[in-house]
>>> print(open('start-v7.cif').read())   # mmCIF, C-alpha atoms
data_data
#
loop_
_atom_site.label_atom_id
_atom_site.label_comp_id
_atom_site.auth_asym_id
_atom_site.auth_seq_id
_atom_site.Cartn_x
_atom_site.Cartn_y
_atom_site.Cartn_z
CA GLY A 722 0.00 0.00 0.00
CA SER A 723 1.04 3.64 -0.31
CA ASP A 724 1.64 3.79 3.44
CA LEU A 725 4.74 1.66 2.85
CA ALA A 726 6.25 3.90 0.16
CA GLY A 727 9.83 4.96 0.79
CA THR A 728 11.74 8.08 -0.14
CA LEU A 729 15.47 8.67 -0.58
CA ASP A 730 17.63 11.37 1.02
CA ASP A 731 19.98 12.66 -1.70
CA SER A 732 22.53 13.71 0.94
CA LYS A 733 23.07 10.13 2.12
CA TYR A 734 26.13 9.09 0.18
CA ASP A 735 29.86 8.75 0.78
CA VAL A 736 32.76 9.69 -1.50
CA THR A 737 34.96 6.60 -1.25
CA VAL A 738 37.61 7.43 -3.87
CA GLY A 739 38.79 10.87 -5.10
CA THR A 740 38.58 14.45 -3.84
CA VAL A 741 35.86 17.06 -3.97
CA TYR A 742 37.49 20.50 -4.40
CA ASN A 743 36.66 24.01 -3.22
CA GLY A 744 33.59 22.93 -1.35
CA ASP A 745 31.94 21.74 -4.55
CA THR A 746 28.82 19.67 -4.43
CA LEU A 747 28.57 16.68 -6.71
CA GLY A 748 24.88 17.19 -7.27
CA ILE A 749 24.08 13.59 -6.55
CA GLU A 750 20.52 12.53 -7.23
CA LEU A 751 19.50 9.12 -5.91
CA SER A 752 16.79 7.01 -7.46
CA ILE A 753 15.24 3.58 -7.18
CA LEU A 754 16.11 1.26 -10.04
CA GLY A 755 12.87 0.42 -11.83
CA GLY A 756 10.78 3.18 -10.30
CA GLU A 757 9.02 3.92 -7.03
CA ALA A 758 9.57 1.79 -3.94
CA ILE A 759 6.15 0.83 -2.61
CA ASP A 760 5.97 -2.85 -1.72
CA ALA A 761 7.88 -4.44 1.12
CA ARG A 762 11.06 -5.85 -0.38
CA THR A 763 14.65 -4.88 -1.24
CA TYR A 764 15.36 -2.32 -3.98
CA THR A 765 18.53 -1.24 -5.77
CA ILE A 766 19.57 2.42 -5.34
CA GLU A 767 21.31 4.06 -8.27
CA GLY A 768 22.55 7.61 -8.64
CA ALA A 769 23.82 10.29 -11.02
CA SER A 770 25.87 13.49 -10.67
CA SER A 771 24.92 16.85 -12.19
CA ASN A 772 28.40 18.44 -11.66
CA ALA A 773 30.17 18.46 -15.04
CA ASN A 774 33.58 18.96 -13.38
CA TYR A 775 33.63 15.43 -12.06
CA THR A 776 33.25 11.97 -13.47
CA VAL A 777 31.37 10.11 -10.83
CA THR A 778 31.25 6.33 -10.72
CA PHE A 779 28.28 5.35 -8.68
CA HIS A 780 28.21 2.07 -6.74
CA THR A 781 24.64 0.91 -6.18
CA GLY A 782 23.14 0.71 -2.75
CA VAL A 783 20.23 -1.12 -1.17
CA PHE A 784 16.94 0.30 -0.01
CA THR A 785 14.71 -2.00 2.04
CA ILE A 786 11.05 -1.64 2.95
CA THR A 787 10.11 -4.07 5.70
CA PRO A 788 6.58 -5.49 6.08
CA LEU A 789 4.20 -3.62 8.35
CA GLY A 790 3.38 -5.55 11.53
CA ILE A 791 -0.18 -6.66 12.25
CA GLU A 792 -1.25 -8.05 15.61
CA VAL A 793 -3.34 -11.23 15.51
CA GLU A 794 -5.29 -13.09 18.18
CA ILE A 795 -5.09 -16.89 17.79
CA THR A 796 -7.25 -19.68 19.22
CA ALA A 797 -5.73 -23.12 18.74
CA GLY A 798 -8.87 -25.23 18.41
CA GLY A 799 -8.74 -29.02 18.79
CA GLY A 800 -10.98 -31.75 20.17
CA GLU A 801 -11.31 -35.51 20.43
CA TYR A 802 -10.78 -37.96 17.58
CA GLY A 803 -14.05 -38.98 15.99
CA GLY A 804 -15.88 -36.06 17.58
CA THR A 805 -16.14 -32.38 16.75
CA ILE A 806 -12.75 -30.89 15.88
CA THR A 807 -12.78 -27.13 16.33
CA PRO A 808 -10.62 -25.38 13.71
CA ALA A 809 -8.05 -22.82 14.78
CA THR A 810 -9.01 -19.18 14.31
CA ALA A 811 -6.99 -16.02 13.80
CA THR A 812 -8.49 -12.57 14.20
CA ILE A 813 -6.66 -9.42 13.13
CA LYS A 814 -6.82 -6.85 15.90
CA GLY A 815 -8.15 -3.48 14.86
CA THR A 816 -9.16 -2.64 11.32
CA ALA A 817 -7.45 -4.73 8.66
CA PRO A 818 -6.45 -3.05 5.39
CA THR A 819 -8.70 -3.95 2.47
CA GLY A 820 -8.02 -7.46 1.21
CA VAL A 821 -5.60 -8.30 4.01
CA GLU A 822 -6.45 -11.55 5.79
CA ALA A 823 -4.86 -13.98 8.24
CA VAL A 824 -3.96 -17.40 6.81
CA ILE A 825 -3.84 -20.48 9.07
CA THR A 826 -1.71 -23.55 8.38
CA TYR A 827 -1.20 -26.76 10.37
CA THR A 828 2.07 -28.62 10.77
CA GLY A 829 2.70 -31.75 12.80
CA ILE A 830 2.74 -35.53 12.90
CA ALA A 831 -0.36 -37.47 13.90
CA ASN A 832 0.01 -40.36 16.34
CA ASP A 833 -0.20 -42.81 13.43
CA GLY A 834 2.66 -41.07 11.60
CA THR A 835 0.57 -39.03 9.15
CA GLN A 836 2.46 -35.81 8.39
CA TYR A 837 0.93 -32.38 8.07
CA VAL A 838 3.23 -29.73 6.62
CA ASN A 839 1.81 -26.23 6.18
CA ARG A 840 -1.60 -27.65 5.35
CA THR A 841 -4.72 -25.52 5.34
CA ASP A 842 -7.15 -28.40 5.95
CA VAL A 843 -7.93 -29.04 9.62
CA PRO A 844 -6.31 -32.21 11.02
CA THR A 845 -8.70 -34.98 12.05
CA LYS A 846 -6.36 -37.59 13.50
CA ALA A 847 -5.19 -37.65 17.10
CA GLY A 848 -1.92 -35.82 17.59
CA THR A 849 -0.29 -32.49 18.38
CA TYR A 850 -0.06 -29.80 15.72
CA THR A 851 1.50 -26.36 15.38
CA VAL A 852 -0.92 -23.71 14.20
CA ARG A 853 0.88 -20.92 12.34
CA VAL A 854 -0.63 -17.65 11.19
CA THR A 855 0.68 -15.62 8.27
CA ILE A 856 -0.73 -12.72 6.28
CA ASN A 857 -1.91 -13.13 2.69
CA ASP A 858 -0.14 -9.92 1.61
CA THR A 859 3.68 -9.82 1.69
CA ASN A 860 3.54 -6.15 2.62
CA TYR A 861 2.36 -7.19 6.07
CA GLU A 862 3.50 -9.66 8.69
CA VAL A 863 2.26 -10.91 12.04
CA SER A 864 3.80 -9.01 14.92
CA GLY A 865 3.99 -10.80 18.26
CA ILE A 866 2.70 -14.35 18.72
CA ASP A 867 2.05 -16.14 15.43
CA VAL A 868 1.82 -19.79 16.59
CA ALA A 869 -0.34 -21.92 18.86
CA THR A 870 -0.60 -25.63 19.69
CA MET A 871 -3.61 -27.71 18.65
CA ILE A 872 -4.24 -31.02 20.40
CA ILE A 873 -6.58 -33.71 19.11
CA SER A 874 -6.88 -36.29 21.87
CA ARG A 875 -7.49 -40.01 21.45
CA LYS A 876 -11.07 -41.18 21.86
CA ILE A 877 -11.76 -42.94 25.16
CA VAL A 878 -12.84 -46.61 25.02
CA GLU A 879 -14.37 -48.28 28.08
CA LEU A 880 -13.70 -51.92 28.88
CA PRO A 881 -16.88 -53.96 28.48
CA ALA A 882 -18.56 -55.48 31.52
CA ILE A 883 -17.67 -59.15 31.91
CA ALA A 884 -20.32 -61.40 33.46
CA SER A 885 -19.12 -64.19 35.73
CA LYS A 886 -20.00 -67.85 35.31
CA GLU A 887 -20.47 -70.64 37.80
CA TYR A 888 -18.03 -73.54 37.98
CA THR A 889 -19.12 -76.50 35.82
CA GLY A 890 -16.05 -78.69 35.85
CA GLU A 891 -15.37 -77.78 32.21
CA ALA A 892 -13.34 -75.01 30.57
CA LEU A 893 -15.26 -71.72 30.48
CA THR A 894 -14.84 -68.42 28.59
CA ALA A 895 -16.43 -65.00 29.01
CA ASP A 896 -19.42 -64.08 26.88
CA LEU A 897 -18.21 -61.00 25.00
CA ALA A 898 -19.53 -59.38 21.85
CA THR A 899 -17.09 -58.70 19.03
CA SER A 900 -16.13 -55.07 18.44
CA THR A 901 -14.60 -53.04 15.63
CA LEU A 902 -12.56 -51.17 18.22
CA TYR A 903 -10.69 -54.04 19.87
CA THR A 904 -9.98 -57.76 20.01
CA PHE A 905 -9.84 -59.92 23.12
CA LYS A 906 -8.13 -63.13 24.15
CA HIS A 907 -9.47 -65.91 26.39
CA GLY A 908 -7.61 -68.70 28.09
CA SER A 909 -8.33 -72.24 27.00
CA ASP A 910 -7.92 -73.85 30.40
CA TRP A 911 -10.11 -71.76 32.69
CA VAL A 912 -11.81 -74.54 34.65
CA ASN A 913 -11.49 -73.94 38.36
CA ALA A 914 -13.26 -71.24 40.36
CA GLY A 915 -11.23 -68.03 40.46
CA ASP A 916 -10.40 -64.83 38.57
CA TYR A 917 -8.89 -64.86 35.09
CA ASN A 918 -7.43 -62.07 32.97
CA VAL A 919 -9.07 -61.27 29.63
CA GLU A 920 -6.64 -59.29 27.47
CA PHE A 921 -8.15 -56.58 25.26
CA THR A 922 -6.13 -54.97 22.43
CA LEU A 923 -7.16 -51.82 20.57
CA ASN A 924 -7.22 -52.04 16.78
CA ASP A 925 -6.20 -48.38 16.46
CA ALA A 926 -4.18 -47.29 19.48
CA SER A 927 -3.09 -44.14 17.64
CA ASN A 928 -6.57 -42.65 17.77
CA TYR A 929 -8.15 -44.54 20.68
CA ARG A 930 -7.13 -45.21 24.26
CA TRP A 931 -8.53 -47.17 27.16
CA ALA A 932 -10.19 -45.24 29.96
CA THR A 933 -7.96 -47.13 32.42
CA SER A 934 -4.69 -47.25 30.47
CA THR A 935 -2.68 -45.33 27.90
CA ALA A 936 -1.29 -48.56 26.45
CA ALA A 937 -2.78 -50.46 23.53
CA THR A 938 -3.75 -53.34 25.82
CA ALA A 939 -5.92 -53.49 28.92
CA THR A 940 -7.05 -56.27 31.19
CA GLY A 941 -10.53 -57.25 32.31
CA ILE A 942 -11.44 -59.85 34.92
CA PHE A 943 -13.54 -62.92 34.18
CA SER A 944 -14.65 -64.72 37.33
CA ILE A 945 -15.64 -68.36 37.70
CA THR A 946 -17.64 -68.60 40.89
CA ARG A 947 -17.91 -71.69 43.01
CA ALA A 948 -20.77 -74.03 42.24
CA SER A 949 -23.58 -74.02 44.78
CA ASN A 950 -24.36 -77.31 46.48
CA SER A 951 -26.77 -78.16 49.25
CA VAL A 952 -25.88 -81.16 51.40
CA THR A 953 -28.29 -82.73 53.85
CA ALA A 954 -26.82 -84.78 56.64
CA PRO A 955 -28.35 -88.21 57.25
CA ASN A 956 -30.41 -88.99 60.36
CA MET A 957 -28.39 -91.18 62.66
#
>>> encode(input="start-v7.cif", output="structure tokens")
Amino acid sequence: GSDLAGTLDDSKYDVTVGTVYNGDTLGIELSILGGEAIDARTYTIEGASSNANYTVTFHTGVFTITPLGIEVEITAGGGEYGGTITPATATIKGTAPTGVEAVITYTGIANDGTQYVNRTDVPTKAGTYTVRVTINDTNYEVSGIDVATMIISRKIVELPAIASKEYTGEALTADLATSTLYTFKHGSDWVNAGDYNVEFTLNDASNYRWATSTAATATGIFSITRASNSVTAPNM
């Protein structure tokens, strides 16, 4: 924008070789190569002398216009896998110049190894991501905080209830429904009354976790209760 335009001070030069006599002025006029300096970037400064008594060799200089800082307020967003994932937001404080907008990108590695590098689509897999805010116009840049951390947590899975069974003298297993979320393993020799461990394993431990454990496996208890018998003593 025109508020970034730069001007040159014709007095800002140094004579590096030679002598200027009798208090002469070289009549140096500085200019930007290619025209007016408006946008934020680096420009080449050239010059010319109007004093016919001197042959002036001009060595180019550099004129830099830096981007104008804009303050932005960031909310990181996030949520739980499989649920509602709230996107990150970035709000420019004050009145933004016409057409100037904040751009959000996501970078990180999901728990399952999926990589996000400067992506504009909102992550959906469990993991930790860096939210970065830039400005869509190179004449402006974010001043202050320009990053936040988004966390998408793993979805909680509860262990199923396991009903006990009464001792029968034969091998018993728990009555459990199959699930798309996990598998389970019984013993093959659970005969006697007592407690036995049923091992549950998540199919997708990157995006799910047990309510009782952060590991991929968890243990439930299957109980075989003692058989009930009633004995009547004989009359003697």
>>> closest_residue(input="start-v7.cif", among="A:Ala797, A:Ala769, A:Val868, A:Ala914", to="Arg947 of chain A", atoms="only C-alpha atoms")
A:Ala914
>>> atom_distance(input="start-v7.cif", atom1="atom CA of Gly820 of chain A", atom2="atom CA of Ile806 of chain A")
28.0 Å
>>> atom_distance(input="start-v7.cif", atom1="atom CA of Tyr888 of chain A", atom2="atom CA of Pro955 of chain A")
26.3 Å
>>> resolve_selection(input="start-v7.cif", expression="the PyMOL selection byres ((chain A and resi 771) around 6)", output="PDB file with C-alpha atoms, in the coordinates of the input")
ATOM      1  CA  GLY A 748      24.880  17.190  -7.270  1.00  0.00           C
ATOM      2  CA  SER A 770      25.870  13.490 -10.670  1.00  0.00           C
ATOM      3  CA  ASN A 772      28.400  18.440 -11.660  1.00  0.00           C
TER       4      ASN A 772
END
>>> resolve_selection(input="start-v7.cif", expression="the PyMOL selection byres ((chain A and resi 910) around 8)", output="list in words")
Ala892, Leu893, Gly908, Ser909, Trp911 and Val912 of chain A
